[in-house]
$ cat my_file_8.pdb   # PDB, C-alpha atoms, pLDDT in the B column
MODEL        1
ATOM      1  CA  ALA A  30      21.095  82.627 -77.265  1.00 71.00           C
ATOM      2  CA  GLN A  31      22.374  84.643 -80.159  1.00 80.00           C
ATOM      3  CA  SER A  32      20.303  85.131 -83.315  1.00 88.00           C
ATOM      4  CA  VAL A  33      20.341  87.302 -86.415  1.00 93.00           C
ATOM      5  CA  THR A  34      17.476  88.702 -88.461  1.00 95.00           C
ATOM      6  CA  GLN A  35      18.019  90.134 -91.900  1.00 96.00           C
ATOM      7  CA  LEU A  36      15.052  92.100 -93.146  1.00 92.00           C
ATOM      8  CA  GLY A  37      14.283  91.378 -96.770  1.00 91.00           C
ATOM      9  CA  SER A  38      15.444  88.307 -98.619  1.00 93.00           C
ATOM     10  CA  HIS A  39      15.864  90.448-101.746  1.00 96.00           C
ATOM     11  CA  VAL A  40      16.753  94.122-102.137  1.00 97.00           C
ATOM     12  CA  SER A  41      16.757  95.858-105.515  1.00 97.00           C
ATOM     13  CA  VAL A  42      18.548  99.118-106.244  1.00 97.00           C
ATOM     14  CA  SER A  43      19.598 101.054-109.306  1.00 97.00           C
ATOM     15  CA  GLU A  44      23.230 101.556-110.132  1.00 97.00           C
ATOM     16  CA  GLY A  45      24.452 104.636-108.278  1.00 97.00           C
ATOM     17  CA  ALA A  46      21.745 104.458-105.609  1.00 97.00           C
ATOM     18  CA  LEU A  47      22.262 103.992-101.891  1.00 97.00           C
ATOM     19  CA  VAL A  48      22.520 100.424-100.660  1.00 98.00           C
ATOM     20  CA  LEU A  49      21.014  99.628 -97.254  1.00 98.00           C
ATOM     21  CA  LEU A  50      20.884  96.057 -95.989  1.00 98.00           C
ATOM     22  CA  ARG A  51      19.367  95.599 -92.575  1.00 98.00           C
ATOM     23  CA  CYS A  52      20.572  93.339 -89.797  1.00 97.00           C
ATOM     24  CA  ASN A  53      19.269  93.028 -86.249  1.00 96.00           C
ATOM     25  CA  TYR A  54      20.740  90.709 -83.692  1.00 94.00           C
ATOM     26  CA  SER A  55      19.784  89.205 -80.384  1.00 90.00           C
ATOM     27  CA  SER A  56      22.520  88.714 -77.842  1.00 81.00           C
ATOM     28  CA  SER A  57      22.661  88.841 -74.088  1.00 74.00           C
ATOM     29  CA  VAL A  58      26.145  90.312 -74.070  1.00 81.00           C
ATOM     30  CA  PRO A  59      28.109  92.631 -76.352  1.00 80.00           C
ATOM     31  CA  PRO A  60      28.710  90.628 -79.507  1.00 88.00           C
ATOM     32  CA  TYR A  61      31.119  90.642 -82.356  1.00 91.00           C
ATOM     33  CA  LEU A  62      29.320  91.320 -85.643  1.00 94.00           C
ATOM     34  CA  PHE A  63      30.239  90.489 -89.214  1.00 96.00           C
ATOM     35  CA  TRP A  64      29.056  91.020 -92.757  1.00 97.00           C
ATOM     36  CA  TYR A  65      29.978  88.504 -95.413  1.00 97.00           C
ATOM     37  CA  VAL A  66      29.410  88.610 -99.171  1.00 97.00           C
ATOM     38  CA  GLN A  67      28.899  85.631-101.452  1.00 97.00           C
ATOM     39  CA  TYR A  68      29.265  85.964-105.208  1.00 95.00           C
ATOM     40  CA  PRO A  69      27.797  83.243-107.442  1.00 92.00           C
ATOM     41  CA  ASN A  70      29.582  79.923-107.199  1.00 90.00           C
ATOM     42  CA  GLN A  71      31.977  81.198-104.564  1.00 93.00           C
ATOM     43  CA  GLY A  72      32.450  80.906-100.848  1.00 94.00           C
ATOM     44  CA  LEU A  73      31.627  83.604 -98.340  1.00 96.00           C
ATOM     45  CA  GLN A  74      34.195  86.339 -97.854  1.00 95.00           C
ATOM     46  CA  LEU A  75      34.411  88.894 -95.090  1.00 95.00           C
ATOM     47  CA  LEU A  76      33.269  92.431 -95.898  1.00 97.00           C
ATOM     48  CA  LEU A  77      33.774  93.973 -92.475  1.00 96.00           C
ATOM     49  CA  LYS A  78      33.514  93.269 -88.771  1.00 95.00           C
ATOM     50  CA  TYR A  79      32.834  95.014 -85.479  1.00 94.00           C
ATOM     51  CA  THR A  80      34.506  93.823 -82.297  1.00 91.00           C
ATOM     52  CA  THR A  81      35.144  96.776 -80.002  1.00 88.00           C
ATOM     53  CA  GLY A  82      35.878 100.471 -80.301  1.00 89.00           C
ATOM     54  CA  ALA A  83      34.552 102.685 -83.072  1.00 91.00           C
ATOM     55  CA  THR A  84      30.984 101.756 -83.889  1.00 92.00           C
ATOM     56  CA  LEU A  85      31.247 102.771 -87.541  1.00 96.00           C
ATOM     57  CA  VAL A  86      33.360 100.259 -89.366  1.00 96.00           C
ATOM     58  CA  LYS A  87      34.555 100.404 -92.925  1.00 96.00           C
ATOM     59  CA  GLY A  88      35.071  97.392 -95.114  1.00 95.00           C
ATOM     60  CA  ILE A  89      36.089  96.449 -98.589  1.00 94.00           C
ATOM     61  CA  ASN A  90      34.491  97.746-101.783  1.00 93.00           C
ATOM     62  CA  GLY A  91      33.205 100.929-100.147  1.00 96.00           C
ATOM     63  CA  PHE A  92      30.844  99.240 -97.693  1.00 97.00           C
ATOM     64  CA  GLU A  93      30.442 100.313 -94.097  1.00 97.00           C
ATOM     65  CA  ALA A  94      28.262  99.354 -91.150  1.00 97.00           C
ATOM     66  CA  GLU A  95      27.349 100.951 -87.865  1.00 96.00           C
ATOM     67  CA  PHE A  96      26.902  99.085 -84.603  1.00 94.00           C
ATOM     68  CA  LYS A  97      23.962 100.550 -82.677  1.00 94.00           C
ATOM     69  CA  LYS A  98      23.662  98.851 -79.327  1.00 91.00           C
ATOM     70  CA  SER A  99      20.404 100.611 -78.388  1.00 91.00           C
ATOM     71  CA  GLU A 100      18.759  99.346 -81.557  1.00 93.00           C
ATOM     72  CA  THR A 101      20.586  95.987 -81.606  1.00 93.00           C
ATOM     73  CA  SER A 102      21.362  96.681 -85.244  1.00 95.00           C
ATOM     74  CA  PHE A 103      24.319  96.433 -87.598  1.00 97.00           C
ATOM     75  CA  HIS A 104      23.034  97.697 -90.936  1.00 98.00           C
ATOM     76  CA  LEU A 105      25.262  97.605 -94.008  1.00 98.00           C
ATOM     77  CA  THR A 106      25.432 100.608 -96.325  1.00 98.00           C
ATOM     78  CA  LYS A 107      27.175 101.788 -99.446  1.00 98.00           C
ATOM     79  CA  PRO A 108      26.592 105.290-100.842  1.00 97.00           C
ATOM     80  CA  SER A 109      26.539 104.294-104.504  1.00 97.00           C
ATOM     81  CA  ALA A 110      25.777 100.824-105.824  1.00 97.00           C
ATOM     82  CA  HIS A 111      27.806  99.286-108.594  1.00 97.00           C
ATOM     83  CA  MET A 112      26.756  96.427-110.839  1.00 96.00           C
ATOM     84  CA  SER A 113      29.540  94.335-109.345  1.00 96.00           C
ATOM     85  CA  ASP A 114      27.880  94.590-105.907  1.00 97.00           C
ATOM     86  CA  ALA A 115      25.156  92.166-106.986  1.00 97.00           C
ATOM     87  CA  ALA A 116      25.595  89.227-104.622  1.00 97.00           C
ATOM     88  CA  GLU A 117      24.168  87.667-101.480  1.00 97.00           C
ATOM     89  CA  TYR A 118      25.041  89.291 -98.176  1.00 98.00           C
ATOM     90  CA  PHE A 119      25.055  87.584 -94.800  1.00 97.00           C
ATOM     91  CA  CYS A 120      25.107  89.153 -91.361  1.00 96.00           C
ATOM     92  CA  ALA A 121      26.592  87.072 -88.543  1.00 94.00           C
ATOM     93  CA  VAL A 122      27.088  87.341 -84.790  1.00 92.00           C
ATOM     94  CA  THR A 123      29.249  85.678 -82.193  1.00 88.00           C
ATOM     95  CA  GLU A 124      29.488  86.316 -78.458  1.00 82.00           C
ATOM     96  CA  PRO A 125      31.589  85.425 -75.436  1.00 77.00           C
ATOM     97  CA  ASN A 126      29.051  82.820 -74.245  1.00 74.00           C
ATOM     98  CA  SER A 127      30.225  80.672 -77.124  1.00 76.00           C
ATOM     99  CA  GLY A 128      33.824  81.741 -76.572  1.00 77.00           C
ATOM    100  CA  TYR A 129      33.498  83.588 -79.868  1.00 77.00           C
ATOM    101  CA  SER A 130      34.022  80.187 -81.453  1.00 81.00           C
ATOM    102  CA  THR A 131      30.841  79.895 -83.509  1.00 87.00           C
ATOM    103  CA  LEU A 132      29.042  82.346 -85.749  1.00 90.00           C
ATOM    104  CA  THR A 133      25.288  82.507 -86.103  1.00 90.00           C
ATOM    105  CA  PHE A 134      24.333  83.621 -89.608  1.00 93.00           C
ATOM    106  CA  GLY A 135      21.252  85.385 -90.866  1.00 94.00           C
ATOM    107  CA  LYS A 136      19.333  83.920 -93.787  1.00 93.00           C
ATOM    108  CA  GLY A 137      20.980  86.288 -96.230  1.00 96.00           C
ATOM    109  CA  THR A 138      19.839  89.156 -98.445  1.00 97.00           C
ATOM    110  CA  MET A 139      20.238  89.006-102.202  1.00 97.00           C
ATOM    111  CA  LEU A 140      21.208  92.398-103.599  1.00 97.00           C
ATOM    112  CA  LEU A 141      20.071  93.038-107.151  1.00 97.00           C
ATOM    113  CA  VAL A 142      21.539  96.023-109.012  1.00 97.00           C
ATOM    114  CA  SER A 143      19.894  97.289-112.176  1.00 96.00           C
ATOM    115  CA  PRO A 144      21.466  99.618-114.754  1.00 94.00           C
TER     116      PRO A 144
ATOM    117  CA  ASP B  25      49.130  82.477 -97.839  1.00 63.00           C
ATOM    118  CA  ALA B  26      46.782  79.869 -99.283  1.00 83.00           C
ATOM    119  CA  GLY B  27      43.185  80.002 -98.182  1.00 94.00           C
ATOM    120  CA  VAL B  28      40.937  77.096 -97.270  1.00 97.00           C
ATOM    121  CA  ILE B  29      41.170  74.458 -99.959  1.00 97.00           C
ATOM    122  CA  GLN B  30      38.307  72.111-100.733  1.00 98.00           C
ATOM    123  CA  SER B  31      38.040  69.213-103.110  1.00 97.00           C
ATOM    124  CA  PRO B  32      36.364  68.213-105.267  1.00 97.00           C
ATOM    125  CA  ARG B  33      34.729  71.437-106.489  1.00 97.00           C
ATOM    126  CA  HIS B  34      31.999  69.457-108.188  1.00 97.00           C
ATOM    127  CA  GLU B  35      30.780  65.937-107.585  1.00 97.00           C
ATOM    128  CA  VAL B  36      27.989  64.132-109.389  1.00 98.00           C
ATOM    129  CA  THR B  37      27.092  60.715-108.083  1.00 97.00           C
ATOM    130  CA  GLU B  38      24.258  58.254-107.995  1.00 97.00           C
ATOM    131  CA  MET B  39      22.027  57.555-105.049  1.00 97.00           C
ATOM    132  CA  GLY B  40      23.542  55.010-102.717  1.00 97.00           C
ATOM    133  CA  GLN B  41      27.160  55.834-103.509  1.00 97.00           C
ATOM    134  CA  GLU B  42      29.672  56.994-100.930  1.00 97.00           C
ATOM    135  CA  VAL B  43      30.808  60.605-101.174  1.00 98.00           C
ATOM    136  CA  THR B  44      33.921  62.032 -99.528  1.00 98.00           C
ATOM    137  CA  LEU B  45      34.567  65.754 -99.402  1.00 98.00           C
ATOM    138  CA  ARG B  46      37.960  67.060 -98.368  1.00 98.00           C
ATOM    139  CA  CYS B  47      39.209  70.212 -96.723  1.00 98.00           C
ATOM    140  CA  LYS B  48      42.584  71.728 -95.949  1.00 98.00           C
ATOM    141  CA  PRO B  49      42.231  74.611 -93.474  1.00 97.00           C
ATOM    142  CA  ILE B  50      44.478  77.627 -93.271  1.00 95.00           C
ATOM    143  CA  SER B  51      47.708  76.705 -91.550  1.00 93.00           C
ATOM    144  CA  GLY B  52      47.705  77.580 -87.841  1.00 90.00           C
ATOM    145  CA  HIS B  53      43.952  77.878 -87.514  1.00 92.00           C
ATOM    146  CA  ASP B  54      42.499  76.063 -84.510  1.00 91.00           C
ATOM    147  CA  TYR B  55      38.856  75.754 -85.556  1.00 94.00           C
ATOM    148  CA  LEU B  56      37.355  73.984 -88.563  1.00 97.00           C
ATOM    149  CA  PHE B  57      33.714  74.059 -89.619  1.00 97.00           C
ATOM    150  CA  TRP B  58      31.597  72.199 -92.138  1.00 98.00           C
ATOM    151  CA  TYR B  59      28.518  73.976 -93.513  1.00 97.00           C
ATOM    152  CA  ARG B  60      25.862  72.986 -95.996  1.00 97.00           C
ATOM    153  CA  GLN B  61      24.044  75.502 -98.187  1.00 96.00           C
ATOM    154  CA  THR B  62      20.777  74.916-100.038  1.00 94.00           C
ATOM    155  CA  MET B  63      18.112  77.208-101.424  1.00 90.00           C
ATOM    156  CA  MET B  64      15.535  75.780 -99.042  1.00 89.00           C
ATOM    157  CA  ARG B  65      17.497  75.783 -95.790  1.00 89.00           C
ATOM    158  CA  GLY B  66      20.172  78.384 -96.407  1.00 90.00           C
ATOM    159  CA  LEU B  67      23.489  77.993 -94.584  1.00 93.00           C
ATOM    160  CA  GLU B  68      23.530  75.211 -91.975  1.00 93.00           C
ATOM    161  CA  LEU B  69      26.352  74.371 -89.589  1.00 94.00           C
ATOM    162  CA  LEU B  70      26.915  70.621 -89.658  1.00 97.00           C
ATOM    163  CA  ILE B  71      29.881  70.109 -87.325  1.00 97.00           C
ATOM    164  CA  TYR B  72      32.908  71.893 -86.001  1.00 96.00           C
ATOM    165  CA  PHE B  73      36.281  70.914 -84.595  1.00 96.00           C
ATOM    166  CA  ASN B  74      38.651  72.598 -82.189  1.00 93.00           C
ATOM    167  CA  ASN B  75      42.262  71.456 -82.362  1.00 92.00           C
ATOM    168  CA  ASN B  76      41.139  68.408 -84.374  1.00 95.00           C
ATOM    169  CA  VAL B  77      38.547  67.353 -81.773  1.00 95.00           C
ATOM    170  CA  PRO B  78      34.837  67.374 -82.750  1.00 96.00           C
ATOM    171  CA  ILE B  79      33.016  69.808 -80.481  1.00 94.00           C
ATOM    172  CA  ASP B  80      29.461  69.918 -81.763  1.00 94.00           C
ATOM    173  CA  ASP B  81      27.963  67.605 -84.365  1.00 94.00           C
ATOM    174  CA  SER B  82      24.341  68.373 -83.581  1.00 93.00           C
ATOM    175  CA  GLY B  83      23.872  69.775 -87.074  1.00 93.00           C
ATOM    176  CA  MET B  84      24.757  66.541 -88.810  1.00 95.00           C
ATOM    177  CA  PRO B  85      21.508  65.451 -90.456  1.00 89.00           C
ATOM    178  CA  GLU B  86      21.706  61.735 -89.736  1.00 86.00           C
ATOM    179  CA  ASP B  87      24.002  58.786 -89.289  1.00 91.00           C
ATOM    180  CA  ARG B  88      24.772  58.710 -92.980  1.00 96.00           C
ATOM    181  CA  PHE B  89      26.968  61.749 -92.398  1.00 97.00           C
ATOM    182  CA  SER B  90      30.325  61.540 -90.666  1.00 97.00           C
ATOM    183  CA  ALA B  91      33.285  63.894 -90.359  1.00 98.00           C
ATOM    184  CA  LYS B  92      36.860  63.389 -89.271  1.00 97.00           C
ATOM    185  CA  MET B  93      39.876  65.548 -88.671  1.00 97.00           C
ATOM    186  CA  PRO B  94      42.891  63.246 -88.356  1.00 97.00           C
ATOM    187  CA  ASN B  95      45.352  66.137 -88.151  1.00 95.00           C
ATOM    188  CA  ALA B  96      45.488  69.917 -88.126  1.00 94.00           C
ATOM    189  CA  SER B  97      45.748  70.199 -91.893  1.00 95.00           C
ATOM    190  CA  PHE B  98      43.040  67.866 -93.151  1.00 96.00           C
ATOM    191  CA  SER B  99      39.382  67.065 -92.652  1.00 98.00           C
ATOM    192  CA  THR B 100      36.827  64.934 -94.446  1.00 98.00           C
ATOM    193  CA  LEU B 101      33.063  64.881 -94.614  1.00 98.00           C
ATOM    194  CA  LYS B 102      31.646  61.572 -95.708  1.00 98.00           C
ATOM    195  CA  ILE B 103      28.122  60.673 -96.800  1.00 97.00           C
ATOM    196  CA  GLN B 104      27.305  56.985 -97.009  1.00 97.00           C
ATOM    197  CA  PRO B 105      24.957  56.142 -98.612  1.00 96.00           C
ATOM    198  CA  SER B 106      24.161  59.353-100.448  1.00 97.00           C
ATOM    199  CA  GLU B 107      20.591  60.413-101.288  1.00 96.00           C
ATOM    200  CA  PRO B 108      19.204  63.024-103.712  1.00 97.00           C
ATOM    201  CA  ARG B 109      18.228  65.278-100.788  1.00 96.00           C
ATOM    202  CA  ASP B 110      21.919  65.567 -99.908  1.00 97.00           C
ATOM    203  CA  SER B 111      22.460  67.634-103.047  1.00 97.00           C
ATOM    204  CA  ALA B 112      23.873  70.956-101.874  1.00 97.00           C
ATOM    205  CA  VAL B 113      27.009  73.039-101.701  1.00 97.00           C
ATOM    206  CA  TYR B 114      29.213  72.013 -98.808  1.00 98.00           C
ATOM    207  CA  PHE B 115      31.574  74.593 -97.374  1.00 98.00           C
ATOM    208  CA  CYS B 116      34.540  74.173 -95.145  1.00 98.00           C
ATOM    209  CA  ALA B 117      35.719  77.139 -93.087  1.00 97.00           C
ATOM    210  CA  SER B 118      38.481  77.698 -90.572  1.00 96.00           C
ATOM    211  CA  SER B 119      39.254  80.310 -87.959  1.00 94.00           C
ATOM    212  CA  LEU B 120      41.926  81.279 -85.473  1.00 91.00           C
ATOM    213  CA  LEU B 121      40.942  82.109 -81.920  1.00 84.00           C
ATOM    214  CA  TRP B 122      43.791  80.957 -79.687  1.00 75.00           C
ATOM    215  CA  ASP B 123      47.447  80.395 -80.386  1.00 70.00           C
ATOM    216  CA  GLY B 124      49.587  77.582 -79.036  1.00 68.00           C
ATOM    217  CA  GLN B 125      50.330  79.560 -75.875  1.00 73.00           C
ATOM    218  CA  GLY B 126      46.663  80.084 -75.052  1.00 73.00           C
ATOM    219  CA  VAL B 127      46.678  83.731 -76.107  1.00 71.00           C
ATOM    220  CA  LYS B 128      43.553  84.969 -77.870  1.00 76.00           C
ATOM    221  CA  ARG B 129      44.597  85.860 -81.393  1.00 75.00           C
ATOM    222  CA  GLY B 130      41.363  86.055 -83.342  1.00 79.00           C
ATOM    223  CA  THR B 131      37.812  87.304 -83.275  1.00 82.00           C
ATOM    224  CA  GLY B 132      35.964  84.273 -84.587  1.00 83.00           C
ATOM    225  CA  GLU B 133      36.148  85.449 -88.173  1.00 90.00           C
ATOM    226  CA  LEU B 134      35.608  82.533 -90.542  1.00 94.00           C
ATOM    227  CA  PHE B 135      37.593  81.948 -93.712  1.00 95.00           C
ATOM    228  CA  PHE B 136      35.602  79.923 -96.217  1.00 96.00           C
ATOM    229  CA  GLY B 137      36.682  77.623 -98.988  1.00 97.00           C
ATOM    230  CA  GLU B 138      35.156  77.789-102.452  1.00 96.00           C
ATOM    231  CA  GLY B 139      32.775  74.946-101.659  1.00 97.00           C
ATOM    232  CA  SER B 140      32.039  71.496-103.047  1.00 98.00           C
ATOM    233  CA  ARG B 141      28.877  71.286-105.128  1.00 97.00           C
ATOM    234  CA  LEU B 142      27.333  67.841-104.693  1.00 98.00           C
ATOM    235  CA  THR B 143      24.645  66.486-106.975  1.00 98.00           C
ATOM    236  CA  VAL B 144      23.133  63.119-106.121  1.00 98.00           C
ATOM    237  CA  LEU B 145      21.046  61.621-108.923  1.00 96.00           C
TER     238      LEU B 145
ENDMDL
END

$ encode --input "my_file_8.pdb" --output "structure tokens"
Amino acid sequence: AQSVTQLGSHVSVSEGALVLLRCNYSSSVPPYLFWYVQYPNQGLQLLLKYTTGATLVKGINGFEAEFKKSETSFHLTKPSAHMSDAAEYFCAVTEPNSGYSTLTFGKGTMLLVSP
Amino acid sequence: DAGVIQSPRHEVTEMGQEVTLRCKPISGHDYLFWYRQTMMRGLELLIYFNNNVPIDDSGMPEDRFSAKMPNASFSTLKIQPSEPRDSAVYFCASSLLWDGQGVKRGTGELFFGEGSRLTVL
């Protein structure tokens, strides 16, 4: 069965610092992986996704993530944090066993950015 | 193209009242999902439909909750009677996996609505 673990319910960084949000997954087969962002009082929106091919994927707002099969990880990074990046971030996984029809979400990581 | 549309955005009601939340998925999408989000439990999948047919409702908390999808462009989530512990943000999401010819068109990516914030007093 697929599962997702996000390390750290809260991550604090200073503006301009590196952002690193960790995500590890459990899947018996190669999965598709997603990162979503949720701003206050809004729905979740897709940041980026990995399906096949290049393991380093780039998303919106300068974020990127790297799929590392050997480490079962899909960590999200951004070289320089901006105040507007403060939000909650969710990692999610889906796999062929479910026909890619359902996503399993992590519990989310709240990113706090200080001036 | 319009995204997933939910209504109402906010609902305040009293315990025991019936609540109906509505969702219009993105046109052409073949999957529709209802989620609930609370501080305590995070994001929970309640039920999902494929081509208007309910596939898995194991996340529905109890018989007070029901969901329908009478056609491809509309779904409802109903709570009757409502209780204070039902207070949460309810999200509808849709996705496209297969087209009408059975060709895989999507990757399971979900498109979320803005949510309906329910407060039961």

$ resolve_selection --input "my_file_8.pdb" --expression "the PyMOL selection byres ((chain A and resi 108-124) around 7)" --output "PDB file with C-alpha atoms, in the coordinates of the input"
ATOM      1  CA  VAL A  33      20.341  87.302 -86.415  1.00 93.00           C
ATOM      2  CA  GLU A  44      23.230 101.556-110.132  1.00 97.00           C
ATOM      3  CA  GLY A  45      24.452 104.636-108.278  1.00 97.00           C
ATOM      4  CA  ALA A  46      21.745 104.458-105.609  1.00 97.00           C
ATOM      5  CA  LEU A  47      22.262 103.992-101.891  1.00 97.00           C
ATOM      6  CA  VAL A  48      22.520 100.424-100.660  1.00 98.00           C
ATOM      7  CA  CYS A  52      20.572  93.339 -89.797  1.00 97.00           C
ATOM      8  CA  VAL A  58      26.145  90.312 -74.070  1.00 81.00           C
ATOM      9  CA  PRO A  59      28.109  92.631 -76.352  1.00 80.00           C
ATOM     10  CA  PRO A  60      28.710  90.628 -79.507  1.00 88.00           C
ATOM     11  CA  TYR A  61      31.119  90.642 -82.356  1.00 91.00           C
ATOM     12  CA  LEU A  62      29.320  91.320 -85.643  1.00 94.00           C
ATOM     13  CA  PHE A  63      30.239  90.489 -89.214  1.00 96.00           C
ATOM     14  CA  TRP A  64      29.056  91.020 -92.757  1.00 97.00           C
ATOM     15  CA  TYR A  65      29.978  88.504 -95.413  1.00 97.00           C
ATOM     16  CA  VAL A  66      29.410  88.610 -99.171  1.00 97.00           C
ATOM     17  CA  GLN A  67      28.899  85.631-101.452  1.00 97.00           C
ATOM     18  CA  TYR A  68      29.265  85.964-105.208  1.00 95.00           C
ATOM     19  CA  PRO A  69      27.797  83.243-107.442  1.00 92.00           C
ATOM     20  CA  THR A 106      25.432 100.608 -96.325  1.00 98.00           C
ATOM     21  CA  LYS A 107      27.175 101.788 -99.446  1.00 98.00           C
ATOM     22  CA  PRO A 125      31.589  85.425 -75.436  1.00 77.00           C
ATOM     23  CA  ASN A 126      29.051  82.820 -74.245  1.00 74.00           C
ATOM     24  CA  SER A 127      30.225  80.672 -77.124  1.00 76.00           C
ATOM     25  CA  GLY A 128      33.824  81.741 -76.572  1.00 77.00           C
ATOM     26  CA  TYR A 129      33.498  83.588 -79.868  1.00 77.00           C
ATOM     27  CA  THR A 131      30.841  79.895 -83.509  1.00 87.00           C
ATOM     28  CA  LEU A 132      29.042  82.346 -85.749  1.00 90.00           C
ATOM     29  CA  THR A 133      25.288  82.507 -86.103  1.00 90.00           C
ATOM     30  CA  PHE A 134      24.333  83.621 -89.608  1.00 93.00           C
ATOM     31  CA  GLY A 135      21.252  85.385 -90.866  1.00 94.00           C
ATOM     32  CA  LYS A 136      19.333  83.920 -93.787  1.00 93.00           C
ATOM     33  CA  GLY A 137      20.980  86.288 -96.230  1.00 96.00           C
ATOM     34  CA  THR A 138      19.839  89.156 -98.445  1.00 97.00           C
ATOM     35  CA  MET A 139      20.238  89.006-102.202  1.00 97.00           C
ATOM     36  CA  LEU A 140      21.208  92.398-103.599  1.00 97.00           C
ATOM     37  CA  LEU A 141      20.071  93.038-107.151  1.00 97.00           C
ATOM     38  CA  VAL A 142      21.539  96.023-109.012  1.00 97.00           C
TER      39      VAL A 142
END

$ resolve_selection --input "my_file_8.pdb" --expression "the ChimeraX specification (/B :<6) & /A" --output "short mmCIF file (atom, residue, chain, number, x, y, z; two decimals) with C-alpha atoms, in the coordinates of the input"
data_model
loop_
_atom_site.label_atom_id
_atom_site.label_comp_id
_atom_site.auth_asym_id
_atom_site.auth_seq_id
_atom_site.Cartn_x
_atom_site.Cartn_y
_atom_site.Cartn_z
CA GLN A 71 31.98 81.20 -104.56
CA GLY A 72 32.45 80.91 -100.85
CA LEU A 73 31.63 83.60 -98.34
CA TYR A 129 33.50 83.59 -79.87
CA SER A 130 34.02 80.19 -81.45
#

$ resolve_selection --input "my_file_8.pdb" --expression "the PyMOL selection byres ((chain B and resi 144) around 9)" --output "count of residues only"
17

$ closest_residue --input "my_file_8.pdb" --among "B:Pro78, B:Asp87, B:Tyr59, B:Arg129" --to "Leu45 in chain B" --atoms "all atoms listed in the file"
B:Tyr59

$ residues_near_point --input "my_file_8.pdb" --point "(25.7, 67.7, -83.0)" --cutoff "12 Å" --atoms "all atoms listed in the file" --output "list in words"
Trp58, Glu68, Leu69, Leu70, Ile71, Tyr72, Phe73, Pro78, Ile79, Asp80, Asp81, Ser82, Gly83, Met84, Pro85, Glu86, Asp87, Phe89, Ser90 and Ala91 of chain B

$ residues_around --input "my_file_8.pdb" --residues "Gly88 in chain A" --least-positions-apart "6" --cutoff "10 Å" --atoms "all atoms listed in the file" --output "compact mmCIF listing (two decimals) with C-alpha atoms, keeping the file's coordinate frame"
# COMPACT_ATOMS: atom_id res chain seq x y z
CA TRP A 64 29.06 91.02 -92.76
CA LEU A 75 34.41 88.89 -95.09
CA LEU A 76 33.27 92.43 -95.90
CA LEU A 77 33.77 93.97 -92.48
CA LYS A 78 33.51 93.27 -88.77
CA ALA A 94 28.26 99.35 -91.15
CA LEU A 105 25.26 97.60 -94.01

$ atom_distance --input "my_file_8.pdb" --atom1 "CA of Arg51 in chain A" --atom2 "CA of Gln31 in chain A"
16.8 Å

$ atom_distance --input "my_file_8.pdb" --atom1 "CA of Gln30 in chain B" --atom2 "CA of Ala96 in chain B"
14.7 Å

$ axis_aligned_box --input "my_file_8.pdb" --around "range 53-70 of chain B" --padding-each-side "8 Å" --output "AutoDock Vina command-line options"
--center_x 29.7 --center_y 74.5 --center_z -93.0 --size_x 44.4 --size_y 23.8 --size_z 32.9

$ atom_distance --input "my_file_8.pdb" --atom1 "CA of Ser31 in chain B" --atom2 "CA of Gly52 in chain B"
19.9 Å

$ build_atoms --input "my_file_8.pdb" --residues "range 28-39 of chain B" --atoms "N, CA and C atoms" --output "PDB file, in the frame of the given file"
ATOM      1  N   VAL B  28      41.498  78.416 -97.521  1.00 97.00           N
ATOM      2  CA  VAL B  28      40.937  77.096 -97.270  1.00 97.00           C
ATOM      3  C   VAL B  28      40.746  76.400 -98.617  1.00 97.00           C
ATOM      4  N   ILE B  29      41.224  75.182 -98.691  1.00 97.00           N
ATOM      5  CA  ILE B  29      41.170  74.458 -99.959  1.00 97.00           C
ATOM      6  C   ILE B  29      40.232  73.269 -99.842  1.00 97.00           C
ATOM      7  N   GLN B  30      39.269  73.204-100.740  1.00 98.00           N
ATOM      8  CA  GLN B  30      38.307  72.111-100.733  1.00 98.00           C
ATOM      9  C   GLN B  30      38.387  71.329-102.038  1.00 98.00           C
ATOM     10  N   SER B  31      38.127  70.045-101.918  1.00 97.00           N
ATOM     11  CA  SER B  31      38.040  69.213-103.110  1.00 97.00           C
ATOM     12  C   SER B  31      37.037  68.085-102.884  1.00 97.00           C
ATOM     13  N   PRO B  32      36.368  67.636-103.935  1.00 97.00           N
ATOM     14  CA  PRO B  32      36.364  68.213-105.267  1.00 97.00           C
ATOM     15  C   PRO B  32      35.500  69.471-105.307  1.00 97.00           C
ATOM     16  N   ARG B  33      35.595  70.264-106.351  1.00 97.00           N
ATOM     17  CA  ARG B  33      34.729  71.437-106.489  1.00 97.00           C
ATOM     18  C   ARG B  33      33.327  71.020-106.924  1.00 97.00           C
ATOM     19  N   HIS B  34      33.286  69.970-107.717  1.00 97.00           N
ATOM     20  CA  HIS B  34      31.999  69.457-108.188  1.00 97.00           C
ATOM     21  C   HIS B  34      32.033  67.940-108.101  1.00 97.00           C
ATOM     22  N   GLU B  35      30.887  67.386-107.671  1.00 97.00           N
ATOM     23  CA  GLU B  35      30.780  65.937-107.585  1.00 97.00           C
ATOM     24  C   GLU B  35      29.366  65.562-108.003  1.00 97.00           C
ATOM     25  N   VAL B  36      29.275  64.671-108.973  1.00 98.00           N
ATOM     26  CA  VAL B  36      27.989  64.132-109.389  1.00 98.00           C
ATOM     27  C   VAL B  36      28.041  62.632-109.148  1.00 98.00           C
ATOM     28  N   THR B  37      27.086  62.128-108.414  1.00 97.00           N
ATOM     29  CA  THR B  37      27.092  60.715-108.083  1.00 97.00           C
ATOM     30  C   THR B  37      25.674  60.176-108.099  1.00 97.00           C
ATOM     31  N   GLU B  38      25.573  58.877-108.003  1.00 97.00           N
ATOM     32  CA  GLU B  38      24.258  58.254-107.995  1.00 97.00           C
ATOM     33  C   GLU B  38      23.855  57.890-106.571  1.00 97.00           C
ATOM     34  N   MET B  39      22.577  57.909-106.354  1.00 97.00           N
ATOM     35  CA  MET B  39      22.027  57.555-105.049  1.00 97.00           C
ATOM     36  C   MET B  39      22.620  56.233-104.566  1.00 97.00           C
TER      37      MET B  39
END
